[in-house]
>>> print(open('data_11.tsv').read())   # TSV, C-alpha atoms
chain	number	residue	atom	x	y	z
A	1	MET	CA	-290.29	-121.97	-76.36
A	2	ALA	CA	-286.84	-122.34	-77.87
A	3	ARG	CA	-284.05	-120.52	-76.08
A	4	ASP	CA	-281.10	-121.35	-78.34
A	5	GLY	CA	-281.50	-118.02	-80.14
A	6	TRP	CA	-279.70	-116.45	-77.22
A	7	ALA	CA	-276.58	-118.41	-78.19
A	8	ALA	CA	-276.66	-116.91	-81.68
A	9	LEU	CA	-277.15	-113.42	-80.25
A	10	PHE	CA	-274.29	-114.02	-77.83
A	11	VAL	CA	-271.98	-114.78	-80.76
A	12	SER	CA	-272.98	-111.52	-82.40
A	13	ALA	CA	-272.61	-109.52	-79.19
A	14	PHE	CA	-269.24	-111.21	-78.47
A	15	ARG	CA	-267.93	-110.22	-81.89
A	16	GLN	CA	-269.24	-106.68	-81.79
A	17	SER	CA	-268.50	-105.81	-78.17
A	18	ARG	CA	-265.91	-103.15	-77.40
A	19	ASN	CA	-265.10	-105.03	-74.19
A	20	PRO	CA	-262.21	-107.41	-74.73
A	21	MET	CA	-263.57	-110.96	-74.37
A	22	VAL	CA	-262.00	-114.38	-74.67
A	23	LEU	CA	-263.48	-117.86	-74.42
A	24	VAL	CA	-261.34	-120.65	-72.99
A	25	ASP	CA	-261.94	-124.35	-72.43
A	26	ASP	CA	-261.65	-126.09	-69.08
A	27	GLU	CA	-257.91	-126.43	-69.60
A	28	ARG	CA	-257.58	-122.68	-70.13
A	29	ARG	CA	-256.92	-123.04	-73.86
A	30	ILE	CA	-258.24	-120.16	-75.94
A	31	VAL	CA	-261.22	-121.19	-78.04
A	32	GLU	CA	-262.18	-117.77	-79.38
A	33	ALA	CA	-261.26	-114.13	-78.86
A	34	ASN	CA	-263.09	-111.05	-80.00
A	35	VAL	CA	-261.62	-108.17	-81.96
A	36	ALA	CA	-261.37	-105.96	-78.86
A	37	PHE	CA	-259.29	-108.63	-77.08
A	38	LEU	CA	-256.98	-109.09	-80.08
A	39	ARG	CA	-256.58	-105.34	-80.34
A	40	MET	CA	-255.84	-105.00	-76.62
A	41	LEU	CA	-252.96	-107.46	-76.86
A	42	GLY	CA	-251.91	-106.56	-80.41
A	43	ARG	CA	-252.20	-110.17	-81.51
A	44	ARG	CA	-253.74	-112.13	-84.36
A	45	ARG	CA	-256.55	-114.58	-83.74
A	46	ASP	CA	-254.80	-117.55	-85.32
A	47	ALA	CA	-251.79	-116.95	-83.07
A	48	LEU	CA	-253.98	-117.23	-79.97
A	49	VAL	CA	-256.53	-119.97	-80.58
A	50	GLY	CA	-255.36	-123.19	-78.94
A	51	LYS	CA	-252.85	-121.38	-76.76
A	52	HIS	CA	-253.13	-121.40	-72.96
A	53	LEU	CA	-254.51	-118.09	-71.76
A	54	TYR	CA	-251.96	-117.93	-68.97
A	55	THR	CA	-249.11	-117.74	-71.50
A	56	LEU	CA	-250.37	-114.19	-72.09
A	57	VAL	CA	-250.14	-113.34	-68.39
A	58	ALA	CA	-246.98	-111.74	-67.00
A	59	GLY	CA	-245.43	-114.23	-64.60
A	60	GLY	CA	-247.53	-117.15	-65.81
A	61	PRO	CA	-250.70	-118.69	-64.38
A	62	ILE	CA	-252.39	-116.76	-61.58
A	63	ALA	CA	-254.29	-119.87	-60.46
A	64	THR	CA	-252.93	-123.34	-59.75
A	65	PRO	CA	-254.69	-126.25	-61.49
A	66	ALA	CA	-256.60	-126.92	-58.26
A	67	GLU	CA	-257.63	-123.27	-57.92
A	68	TRP	CA	-258.71	-123.23	-61.55
A	69	ARG	CA	-260.90	-126.32	-61.05
A	70	ALA	CA	-262.47	-124.68	-58.01
A	71	ARG	CA	-263.28	-121.58	-60.06
A	72	LEU	CA	-264.86	-123.70	-62.76
A	73	VAL	CA	-267.21	-125.12	-60.16
A	74	GLN	CA	-267.84	-121.66	-58.72
A	75	GLY	CA	-269.21	-120.49	-62.09
A	76	HIS	CA	-268.56	-116.79	-61.65
A	77	PHE	CA	-265.34	-115.18	-60.47
A	78	THR	CA	-263.38	-111.97	-60.83
A	79	GLY	CA	-259.77	-110.92	-60.54
A	80	SER	CA	-256.96	-108.98	-62.10
A	81	ALA	CA	-253.91	-109.87	-64.13
A	82	THR	CA	-251.08	-108.20	-65.93
A	83	MET	CA	-251.24	-109.25	-69.54
A	84	LEU	CA	-248.53	-109.17	-72.15
A	85	HIS	CA	-248.89	-107.19	-75.32
A	86	GLU	CA	-247.29	-108.53	-78.47
A	87	ASP	CA	-244.71	-105.72	-78.28
A	88	GLY	CA	-243.63	-106.81	-74.79
A	89	SER	CA	-245.42	-104.11	-72.85
A	90	GLU	CA	-247.87	-104.88	-70.05
A	91	ILE	CA	-251.54	-104.15	-69.55
A	92	ALA	CA	-253.23	-104.43	-66.17
A	93	VAL	CA	-256.66	-105.97	-66.64
A	94	GLN	CA	-259.53	-106.40	-64.19
A	95	TRP	CA	-261.70	-109.21	-65.46
A	96	ALA	CA	-264.76	-111.31	-64.76
A	97	GLY	CA	-265.02	-114.98	-65.63
A	98	HIS	CA	-268.25	-116.91	-66.29
A	99	THR	CA	-268.51	-120.65	-66.75
A	100	GLU	CA	-271.17	-122.27	-68.95
A	101	VAL	CA	-271.63	-125.57	-70.71
A	102	ALA	CA	-271.95	-124.71	-74.39
A	103	THR	CA	-271.99	-127.06	-77.38
A	104	GLY	CA	-271.41	-129.98	-75.05
A	105	ARG	CA	-268.29	-128.68	-73.36
A	106	ARG	CA	-267.49	-126.46	-70.46
A	107	LEU	CA	-266.26	-123.04	-71.48
A	108	VAL	CA	-265.24	-119.96	-69.56
A	109	LEU	CA	-265.89	-116.47	-70.88
A	110	PHE	CA	-263.47	-113.83	-69.62
A	111	VAL	CA	-264.57	-110.22	-70.01
A	112	ALA	CA	-262.15	-107.34	-69.40
A	113	LEU	CA	-263.94	-104.87	-67.17
A	114	ASN	CA	-261.10	-102.36	-66.90
A	115	THR	CA	-257.69	-101.98	-68.43
A	116	SER	CA	-254.91	-99.79	-67.13
A	117	ARG	CA	-254.20	-96.50	-68.81
A	118	TRP	CA	-250.79	-95.05	-68.65
A	119	GLY	CA	-250.90	-91.41	-69.67
A	120	SER	CA	-252.65	-91.34	-72.98
A	121	HIS	CA	-251.72	-94.96	-73.59
A	122	PHE	CA	-253.26	-98.23	-72.56
A	123	ARG	CA	-250.12	-99.94	-71.48
A	124	ARG	CA	-246.82	-99.37	-69.83
A	125	HIS	CA	-243.53	-100.80	-70.89
A	126	ARG	CA	-241.83	-103.48	-68.83
A	127	ASP	CA	-238.49	-101.87	-69.58
A	128	HIS	CA	-239.66	-98.80	-67.69
A	129	LYS	CA	-240.20	-100.73	-64.48
A	130	PRO	CA	-236.83	-101.76	-63.12
A	131	ALA	CA	-236.07	-102.48	-59.46
A	132	ARG	CA	-236.88	-99.84	-56.83
A	133	GLY	CA	-233.22	-99.06	-56.14
A	134	LYS	CA	-232.80	-97.51	-59.55
A	135	LEU	CA	-234.51	-94.22	-58.72
A	136	SER	CA	-232.08	-91.36	-59.10
A	137	ALA	CA	-231.13	-89.36	-56.01
A	138	ARG	CA	-233.28	-86.45	-57.22
A	139	GLU	CA	-236.26	-88.70	-57.91
A	140	LEU	CA	-235.91	-90.20	-54.42
A	141	GLU	CA	-235.88	-86.73	-52.96
A	142	VAL	CA	-239.01	-85.71	-54.88
A	143	VAL	CA	-240.83	-88.93	-53.97
A	144	ARG	CA	-240.08	-88.35	-50.28
A	145	LEU	CA	-241.59	-84.88	-50.53
A	146	VAL	CA	-244.63	-86.18	-52.40
A	147	ALA	CA	-245.03	-88.77	-49.62
A	148	ARG	CA	-245.05	-85.90	-47.11
A	149	GLY	CA	-248.04	-84.45	-48.92
A	150	GLU	CA	-246.26	-81.52	-50.53
A	151	THR	CA	-247.62	-80.17	-53.79
A	152	GLY	CA	-245.65	-79.81	-56.98
A	153	PRO	CA	-245.08	-76.03	-56.57
A	154	GLU	CA	-244.05	-76.53	-52.91
A	155	ILE	CA	-241.54	-79.19	-53.92
A	156	ALA	CA	-240.30	-76.97	-56.72
A	157	ALA	CA	-239.79	-74.06	-54.31
A	158	GLU	CA	-238.07	-76.26	-51.75
A	159	LEU	CA	-235.67	-77.80	-54.25
A	160	GLY	CA	-235.20	-74.67	-56.31
A	161	ILE	CA	-236.34	-76.29	-59.55
A	162	ALA	CA	-239.22	-75.70	-61.96
A	163	ASN	CA	-242.60	-77.23	-61.26
A	164	GLU	CA	-242.45	-78.92	-64.65
A	165	THR	CA	-239.18	-80.56	-63.58
A	166	VAL	CA	-240.87	-81.85	-60.42
A	167	ARG	CA	-243.63	-83.30	-62.59
A	168	THR	CA	-241.01	-85.00	-64.75
A	169	HIS	CA	-239.29	-86.52	-61.70
A	170	VAL	CA	-242.65	-87.74	-60.37
A	171	ARG	CA	-243.60	-89.21	-63.74
A	172	ASN	CA	-240.26	-90.98	-64.06
A	173	ALA	CA	-240.45	-92.31	-60.50
A	174	MET	CA	-243.96	-93.62	-61.14
A	175	THR	CA	-242.77	-95.36	-64.27
A	176	LYS	CA	-239.78	-96.90	-62.49
A	177	LEU	CA	-241.84	-98.11	-59.54
A	178	GLY	CA	-244.78	-99.21	-61.66
A	179	ALA	CA	-247.11	-96.81	-59.82
A	180	ARG	CA	-250.39	-95.92	-61.49
A	181	SER	CA	-250.99	-92.65	-59.64
A	182	ARG	CA	-249.33	-90.31	-57.13
A	183	ALA	CA	-251.25	-92.07	-54.38
A	184	HIS	CA	-249.92	-95.39	-55.62
A	185	LEU	CA	-246.43	-93.90	-55.76
A	186	VAL	CA	-246.75	-92.78	-52.13
A	187	ALA	CA	-248.09	-96.19	-51.14
A	188	LYS	CA	-245.11	-97.84	-52.78
A	189	ALA	CA	-242.76	-95.33	-51.18
A	190	LEU	CA	-244.23	-95.98	-47.75
A	191	GLY	CA	-243.80	-99.70	-48.30
A	192	GLU	CA	-240.17	-99.33	-49.19
A	193	PRO	CA	-237.85	-98.63	-46.24
A	194	ASN	CA	-235.27	-96.94	-48.45
A	195	LEU	CA	-237.81	-94.38	-49.56
A	196	GLN	CA	-239.40	-93.51	-46.25
A	197	THR	CA	-238.91	-90.02	-44.91
B	1	MET	CA	-278.80	-110.40	-66.33
B	2	ALA	CA	-282.06	-109.40	-67.95
B	3	VAL	CA	-282.39	-107.22	-71.01
B	4	ASP	CA	-284.93	-104.55	-70.18
B	5	VAL	CA	-284.87	-101.42	-72.30
B	6	SER	CA	-287.36	-98.57	-72.33
B	7	THR	CA	-287.37	-95.51	-74.56
B	8	ALA	CA	-289.93	-92.77	-74.91
B	9	ILE	CA	-290.74	-89.98	-77.31
B	10	ASP	CA	-293.21	-87.12	-77.46
B	11	ILE	CA	-295.26	-86.97	-80.66
B	12	ARG	CA	-297.39	-83.97	-81.55
B	13	ARG	CA	-300.45	-86.03	-82.43
B	14	PRO	CA	-303.46	-87.15	-80.33
B	15	ARG	CA	-303.00	-90.23	-78.19
B	16	HIS	CA	-305.57	-92.42	-79.96
B	17	GLU	CA	-304.10	-91.60	-83.35
B	18	VAL	CA	-300.55	-92.50	-82.24
B	19	ALA	CA	-301.72	-95.68	-80.53
B	20	ALA	CA	-303.81	-96.83	-83.47
B	21	TYR	CA	-300.96	-96.35	-85.91
B	22	ALA	CA	-298.21	-97.86	-83.74
B	23	SER	CA	-300.15	-100.97	-82.77
B	24	ASP	CA	-301.31	-101.70	-86.32
B	25	PRO	CA	-299.08	-104.49	-87.70
B	26	ASP	CA	-299.75	-103.24	-91.22
B	27	HIS	CA	-297.67	-100.15	-90.39
B	28	THR	CA	-294.87	-101.89	-88.48
B	29	THR	CA	-292.32	-102.06	-91.30
B	30	GLU	CA	-292.84	-98.36	-92.01
B	31	TRP	CA	-291.28	-97.25	-88.74
B	32	TYR	CA	-289.24	-100.26	-87.51
B	33	ALA	CA	-285.94	-100.30	-89.40
B	34	ASN	CA	-285.05	-103.84	-88.29
B	35	ILE	CA	-288.39	-105.52	-89.02
B	36	LYS	CA	-288.44	-106.68	-92.59
B	37	THR	CA	-291.85	-108.34	-92.87
B	38	VAL	CA	-294.96	-108.83	-90.75
B	39	GLU	CA	-297.67	-111.35	-91.53
B	40	ARG	CA	-300.90	-111.52	-89.65
B	41	GLU	CA	-301.63	-115.06	-88.50
B	42	SER	CA	-304.98	-113.96	-87.08
B	43	PRO	CA	-307.66	-111.99	-88.93
B	44	PRO	CA	-308.25	-108.37	-87.91
B	45	PRO	CA	-309.26	-106.66	-85.73
B	46	LEU	CA	-306.30	-106.88	-83.40
B	47	ALA	CA	-307.25	-108.33	-80.01
B	48	VAL	CA	-305.78	-110.30	-77.15
B	49	GLY	CA	-304.70	-113.64	-78.66
B	50	SER	CA	-303.97	-112.23	-82.13
B	51	ARG	CA	-300.73	-113.53	-83.61
B	52	MET	CA	-298.24	-111.96	-86.00
B	53	ARG	CA	-295.19	-113.46	-87.62
B	54	PHE	CA	-292.15	-111.18	-87.85
B	55	VAL	CA	-288.93	-111.43	-89.80
B	56	ALA	CA	-286.36	-109.07	-88.33
B	57	THR	CA	-282.64	-108.51	-88.05
B	58	PHE	CA	-280.75	-107.79	-84.86
B	59	LEU	CA	-277.00	-107.66	-84.27
B	60	GLY	CA	-276.58	-108.92	-87.82
B	61	ARG	CA	-278.79	-111.97	-87.24
B	62	ARG	CA	-282.01	-112.83	-89.06
B	63	LEU	CA	-284.72	-113.58	-86.55
B	64	VAL	CA	-288.10	-115.17	-87.28
B	65	TYR	CA	-290.64	-115.14	-84.49
B	66	THR	CA	-294.34	-115.04	-83.76
B	67	TYR	CA	-295.69	-112.53	-81.30
B	68	GLU	CA	-299.01	-112.89	-79.56
B	69	VAL	CA	-300.98	-109.96	-78.21
B	70	VAL	CA	-301.36	-110.50	-74.47
B	71	GLU	CA	-302.79	-107.14	-73.46
B	72	HIS	CA	-304.61	-104.53	-75.51
B	73	VAL	CA	-306.16	-101.42	-74.02
B	74	PRO	CA	-306.75	-99.18	-77.06
B	75	GLY	CA	-305.06	-95.83	-76.68
B	76	GLU	CA	-303.31	-96.82	-73.46
B	77	ARG	CA	-301.34	-100.03	-73.50
B	78	PHE	CA	-300.37	-102.79	-75.92
B	79	VAL	CA	-298.30	-105.84	-74.96
B	80	MET	CA	-296.98	-108.59	-77.24
B	81	ARG	CA	-295.02	-111.65	-76.18
B	82	THR	CA	-293.12	-114.31	-78.13
B	83	ALA	CA	-295.33	-117.31	-78.84
B	84	GLU	CA	-292.82	-119.01	-81.14
B	85	GLY	CA	-289.25	-117.98	-81.78
B	86	PRO	CA	-285.62	-118.35	-80.90
B	87	PHE	CA	-286.00	-116.78	-77.43
B	88	PRO	CA	-288.73	-115.28	-75.25
B	89	MET	CA	-289.19	-111.51	-75.43
B	90	GLU	CA	-291.94	-109.10	-74.56
B	91	THR	CA	-292.69	-105.74	-76.16
B	92	THR	CA	-294.88	-103.14	-74.47
B	93	TYR	CA	-296.20	-99.86	-75.86
B	94	THR	CA	-297.82	-97.33	-73.57
B	95	TRP	CA	-299.31	-93.98	-74.49
B	96	GLN	CA	-299.94	-90.97	-72.26
B	97	ASP	CA	-301.14	-87.45	-72.94
B	98	ALA	CA	-298.22	-85.07	-73.13
B	99	GLY	CA	-300.16	-81.78	-73.25
B	100	GLU	CA	-301.46	-79.65	-76.15
B	101	GLY	CA	-302.63	-82.60	-78.22
B	102	ALA	CA	-299.31	-84.41	-77.94
B	103	THR	CA	-298.64	-88.00	-76.85
B	104	ARG	CA	-295.79	-89.60	-75.00
B	105	MET	CA	-295.19	-93.07	-76.36
B	106	THR	CA	-293.00	-95.44	-74.35
B	107	MET	CA	-291.65	-98.63	-75.83
B	108	ARG	CA	-290.21	-101.35	-73.64
B	109	ASN	CA	-288.49	-104.57	-74.71
B	110	ARG	CA	-287.48	-107.17	-72.20
B	111	GLY	CA	-286.21	-110.71	-72.09
B	112	GLU	CA	-284.11	-113.06	-69.98
B	113	PRO	CA	-280.98	-114.14	-71.86
B	114	ALA	CA	-279.66	-117.59	-71.13
B	115	GLY	CA	-276.12	-118.98	-71.03
B	116	PHE	CA	-273.26	-116.68	-72.01
B	117	ALA	CA	-275.82	-114.29	-73.49
B	118	ARG	CA	-276.47	-113.16	-69.91
B	119	VAL	CA	-272.93	-111.84	-69.79
B	120	THR	CA	-273.36	-109.92	-73.03
B	121	ALA	CA	-276.81	-108.62	-72.08
B	122	PRO	CA	-275.46	-105.05	-71.78
B	123	VAL	CA	-274.19	-105.21	-75.36
B	124	MET	CA	-277.58	-106.43	-76.54
B	125	ALA	CA	-279.38	-103.82	-74.47
B	126	ALA	CA	-277.25	-101.04	-75.96
B	127	ALA	CA	-277.95	-102.25	-79.50
B	128	MET	CA	-281.64	-102.53	-78.66
B	129	ARG	CA	-281.76	-99.02	-77.22
B	130	ARG	CA	-280.09	-97.55	-80.32
B	131	ALA	CA	-282.60	-99.29	-82.59
B	132	MET	CA	-285.62	-98.39	-80.46
B	133	THR	CA	-284.61	-94.74	-80.27
B	134	LYS	CA	-284.30	-94.56	-84.06
B	135	ASP	CA	-287.58	-96.38	-84.57
B	136	LEU	CA	-289.50	-94.02	-82.31
B	137	ALA	CA	-287.93	-91.03	-84.06
B	138	ARG	CA	-289.05	-92.48	-87.37
B	139	LEU	CA	-292.56	-93.04	-86.00
B	140	ARG	CA	-292.72	-89.42	-84.89
B	141	ALA	CA	-291.51	-88.19	-88.27
B	142	ILE	CA	-294.23	-90.20	-90.00
B	143	LEU	CA	-297.03	-89.10	-87.70
B	144	GLU	CA	-296.04	-85.43	-87.59
B	145	ARG	CA	-295.68	-85.20	-91.35
>>> encode(input="data_11.tsv", output="structure tokens")
Amino acid sequence: MARDGWAALFVSAFRQSRNPMVLVDDERRIVEANVAFLRMLGRRRDALVGKHLYTLVAGGPIATPAEWRARLVQGHFTGSATMLHEDGSEIAVQWAGHTEVATGRRLVLFVALNTSRWGSHFRRHRDHKPARGKLSARELEVVRLVARGETGPEIAAELGIANETVRTHVRNAMTKLGARSRAHLVAKALGEPNLQT
Amino acid sequence: MAVDVSTAIDIRRPRHEVAAYASDPDHTTEWYANIKTVERESPPPLAVGSRMRFVATFLGRRLVYTYEVVEHVPGERFVMRTAEGPFPMETTYTWQDAGEGATRMTMRNRGEPAGFARVTAPVMAAAMRRAMTKDLARLRAILER
């Protein structure tokens, strides 16, 4: 029984999948990317093929050459990375990697399992994530109250401002600290001595 | 990861009538949208060991394969498995009474993808489920006409 038909079906599924997928060689050079991957990063295929995948990762490679070789041997691995959109914004991606020998060479298929959503958008802008110290005094005050577990209306009443204004301060603080949720904002606040109540 | 997809439909026709029509390869192209041709490689009647050659399309690919009947309990269960083809698959039909002269037909397709296809098995399974659901709806429309 032939089994190579699966390879042909894989190519079709790879192309048609809504999950961003990218194939890289054992030196992490991009061999092929599907439409969903190109769309996620706002890039053209011919601008990616041959390029090292880690050049699309904020901060560069997340694995050293030795770690990468170990993962190749492992065959299946998962992780997360912050990827760079063509417009300079960032996208947090949880991914799974699978190693196979195909057409005589070792390839790794990366599949994006989850991507970050920021409001109604998929990505958040790097420019919106400066150092922690840049929170305004009012934002700091609101974040401290959020960290205490107070609700928006309670904070509004305590500070004598509208609930919508509290929401704006929280949203801005989250953007500045790179927090993905109120819980994340609190976690970041608790980890930052200057923000602790 | 295996591809293993089952879909079912209730058809307001007697069980033996539904089973006879669905398992007859001469009717296959009438209700399967993706199967383009079927040729019997074995003379009728259909029995365990009978072979049929299919030309089908799936995910934009043209597939040519020969199925062999491996189990045939008229009116109850019909199983075909790839004898020759690009990859091993198995298709099972089962029929049960669904009350008031109706029949519940269940169709199951399963296979074990190899290589990277294992990773994209969910994509293939979703495409398979969409096709199977449409095919069973078409079968019901034909039989309830």
>>> residues_around(input="data_11.tsv", residues="stretch 130-135 of chain B", least_positions_apart="6", cutoff="8 Å", atoms="only C-alpha atoms", output="list in words")
Thr7, Ala8, Trp31, Tyr32, Ala33, Asn34 and Met107 of chain B
>>> interface_residues(input="data_11.tsv", of="chain B", to="chain A", cutoff="9 Å", atoms="only C-alpha atoms", output="PDB file with C-alpha atoms, keeping the file's coordinate frame")
ATOM      1  CA  PHE B  58    -280.750-107.790 -84.860  1.00  0.00           C
ATOM      2  CA  LEU B  59    -277.000-107.660 -84.270  1.00  0.00           C
ATOM      3  CA  GLY B  60    -276.580-108.920 -87.820  1.00  0.00           C
ATOM      4  CA  ARG B  61    -278.790-111.970 -87.240  1.00  0.00           C
ATOM      5  CA  LEU B  63    -284.720-113.580 -86.550  1.00  0.00           C
ATOM      6  CA  THR B  82    -293.120-114.310 -78.130  1.00  0.00           C
ATOM      7  CA  ALA B  83    -295.330-117.310 -78.840  1.00  0.00           C
ATOM      8  CA  GLU B  84    -292.820-119.010 -81.140  1.00  0.00           C
ATOM      9  CA  GLY B  85    -289.250-117.980 -81.780  1.00  0.00           C
ATOM     10  CA  PRO B  86    -285.620-118.350 -80.900  1.00  0.00           C
ATOM     11  CA  PHE B  87    -286.000-116.780 -77.430  1.00  0.00           C
ATOM     12  CA  PRO B  88    -288.730-115.280 -75.250  1.00  0.00           C
ATOM     13  CA  PRO B 113    -280.980-114.140 -71.860  1.00  0.00           C
ATOM     14  CA  ALA B 114    -279.660-117.590 -71.130  1.00  0.00           C
ATOM     15  CA  GLY B 115    -276.120-118.980 -71.030  1.00  0.00           C
ATOM     16  CA  PHE B 116    -273.260-116.680 -72.010  1.00  0.00           C
ATOM     17  CA  ALA B 117    -275.820-114.290 -73.490  1.00  0.00           C
ATOM     18  CA  ARG B 118    -276.470-113.160 -69.910  1.00  0.00           C
ATOM     19  CA  VAL B 119    -272.930-111.840 -69.790  1.00  0.00           C
ATOM     20  CA  THR B 120    -273.360-109.920 -73.030  1.00  0.00           C
ATOM     21  CA  ALA B 121    -276.810-108.620 -72.080  1.00  0.00           C
ATOM     22  CA  VAL B 123    -274.190-105.210 -75.360  1.00  0.00           C
ATOM     23  CA  MET B 124    -277.580-106.430 -76.540  1.00  0.00           C
TER      24      MET B 124
END
>>> atom_distance(input="data_11.tsv", atom1="atom CA of A:Ala179", atom2="atom CA of A:Thr64")
27.2 Å
>>> residues_around(input="data_11.tsv", residues="B:Leu139", least_positions_apart="3", cutoff="12 Å", atoms="all atoms listed in the file", output="PDB file with C-alpha atoms, keeping the file's coordinate frame")
ATOM      1  CA  ALA B   8    -289.930 -92.770 -74.910  1.00  0.00           C
ATOM      2  CA  ILE B   9    -290.740 -89.980 -77.310  1.00  0.00           C
ATOM      3  CA  ASP B  10    -293.210 -87.120 -77.460  1.00  0.00           C
ATOM      4  CA  ILE B  11    -295.260 -86.970 -80.660  1.00  0.00           C
ATOM      5  CA  ARG B  12    -297.390 -83.970 -81.550  1.00  0.00           C
ATOM      6  CA  ARG B  13    -300.450 -86.030 -82.430  1.00  0.00           C
ATOM      7  CA  GLU B  17    -304.100 -91.600 -83.350  1.00  0.00           C
ATOM      8  CA  VAL B  18    -300.550 -92.500 -82.240  1.00  0.00           C
ATOM      9  CA  ALA B  19    -301.720 -95.680 -80.530  1.00  0.00           C
ATOM     10  CA  TYR B  21    -300.960 -96.350 -85.910  1.00  0.00           C
ATOM     11  CA  ALA B  22    -298.210 -97.860 -83.740  1.00  0.00           C
ATOM     12  CA  SER B  23    -300.150-100.970 -82.770  1.00  0.00           C
ATOM     13  CA  HIS B  27    -297.670-100.150 -90.390  1.00  0.00           C
ATOM     14  CA  THR B  28    -294.870-101.890 -88.480  1.00  0.00           C
ATOM     15  CA  THR B  29    -292.320-102.060 -91.300  1.00  0.00           C
ATOM     16  CA  GLU B  30    -292.840 -98.360 -92.010  1.00  0.00           C
ATOM     17  CA  TRP B  31    -291.280 -97.250 -88.740  1.00  0.00           C
ATOM     18  CA  TYR B  32    -289.240-100.260 -87.510  1.00  0.00           C
ATOM     19  CA  ALA B  33    -285.940-100.300 -89.400  1.00  0.00           C
ATOM     20  CA  ARG B 104    -295.790 -89.600 -75.000  1.00  0.00           C
ATOM     21  CA  MET B 105    -295.190 -93.070 -76.360  1.00  0.00           C
ATOM     22  CA  THR B 106    -293.000 -95.440 -74.350  1.00  0.00           C
ATOM     23  CA  MET B 107    -291.650 -98.630 -75.830  1.00  0.00           C
ATOM     24  CA  MET B 132    -285.620 -98.390 -80.460  1.00  0.00           C
ATOM     25  CA  THR B 133    -284.610 -94.740 -80.270  1.00  0.00           C
ATOM     26  CA  LYS B 134    -284.300 -94.560 -84.060  1.00  0.00           C
ATOM     27  CA  ASP B 135    -287.580 -96.380 -84.570  1.00  0.00           C
ATOM     28  CA  LEU B 136    -289.500 -94.020 -82.310  1.00  0.00           C
ATOM     29  CA  ILE B 142    -294.230 -90.200 -90.000  1.00  0.00           C
ATOM     30  CA  LEU B 143    -297.030 -89.100 -87.700  1.00  0.00           C
ATOM     31  CA  GLU B 144    -296.040 -85.430 -87.590  1.00  0.00           C
ATOM     32  CA  ARG B 145    -295.680 -85.200 -91.350  1.00  0.00           C
TER      33      ARG B 145
END
>>> atom_distance(input="data_11.tsv", atom1="atom CA of B:Gly111", atom2="atom CA of B:Ala98")
28.3 Å
>>> atom_distance(input="data_11.tsv", atom1="atom CA of A:Asn34", atom2="atom CA of A:Asp46")
11.8 Å
>>> axis_aligned_box(input="data_11.tsv", around="stretch 126-141 of chain B", padding_each_side="5 Å", output="lines of an AutoDock Vina configuration file")
center_x = -285.0
center_y = -95.4
center_z = -82.1
size_x = 25.5
size_y = 24.3
size_z = 22.3
>>> closest_residue(input="data_11.tsv", among="A:Asp26, A:Val166, A:Ala157, A:Glu141", to="A:Ala70", atoms="all atoms listed in the file")
A:Asp26
>>> residues_around(input="data_11.tsv", residues="A:Ala173", least_positions_apart="2", cutoff="8 Å", atoms="only C-alpha atoms", output="VMD selection string")
chain A and resid 135 139 to 140 143 169 to 171 175 to 177 185
>>> residues_around(input="data_11.tsv", residues="A:Arg43", least_positions_apart="5", cutoff="9 Å", atoms="only C-alpha atoms", output="mmCIF file with C-alpha atoms, in the coordinates of the input")
data_model
loop_
_atom_site.group_PDB
_atom_site.id
_atom_site.type_symbol
_atom_site.label_atom_id
_atom_site.label_comp_id
_atom_site.auth_asym_id
_atom_site.auth_seq_id
_atom_site.Cartn_x
_atom_site.Cartn_y
_atom_site.Cartn_z
ATOM 1 C CA PHE A 37 -259.290 -108.630 -77.080
ATOM 2 C CA LEU A 38 -256.980 -109.090 -80.080
ATOM 3 C CA LEU A 48 -253.980 -117.230 -79.970
ATOM 4 C CA HIS A 85 -248.890 -107.190 -75.320
ATOM 5 C CA GLU A 86 -247.290 -108.530 -78.470
#
>>> build_atoms(input="data_11.tsv", residues="stretch 94-101 of chain A", atoms="N, CA and C atoms", output="tab-separated table (two decimals), in the coordinates of the input")
chain	number	residue	atom	x	y	z
A	94	GLN	N	-258.59	-105.84	-65.17
A	94	GLN	CA	-259.53	-106.40	-64.19
A	94	GLN	C	-260.56	-107.16	-65.01
A	95	TRP	N	-260.85	-108.38	-64.62
A	95	TRP	CA	-261.70	-109.21	-65.46
A	95	TRP	C	-262.76	-109.94	-64.63
A	96	ALA	N	-263.76	-110.43	-65.36
A	96	ALA	CA	-264.76	-111.31	-64.76
A	96	ALA	C	-264.81	-112.57	-65.59
A	97	GLY	N	-264.94	-113.70	-64.93
A	97	GLY	CA	-265.02	-114.98	-65.63
A	97	GLY	C	-266.38	-115.63	-65.37
A	98	HIS	N	-266.95	-116.25	-66.41
A	98	HIS	CA	-268.25	-116.91	-66.29
A	98	HIS	C	-268.14	-118.29	-66.94
A	99	THR	N	-268.58	-119.28	-66.22
A	99	THR	CA	-268.51	-120.65	-66.75
A	99	THR	C	-269.90	-121.08	-67.25
A	100	GLU	N	-269.93	-121.70	-68.42
A	100	GLU	CA	-271.17	-122.27	-68.95
A	100	GLU	C	-270.82	-123.54	-69.69
A	101	VAL	N	-271.81	-124.42	-69.83
A	101	VAL	CA	-271.63	-125.57	-70.71
A	101	VAL	C	-272.26	-125.18	-72.04
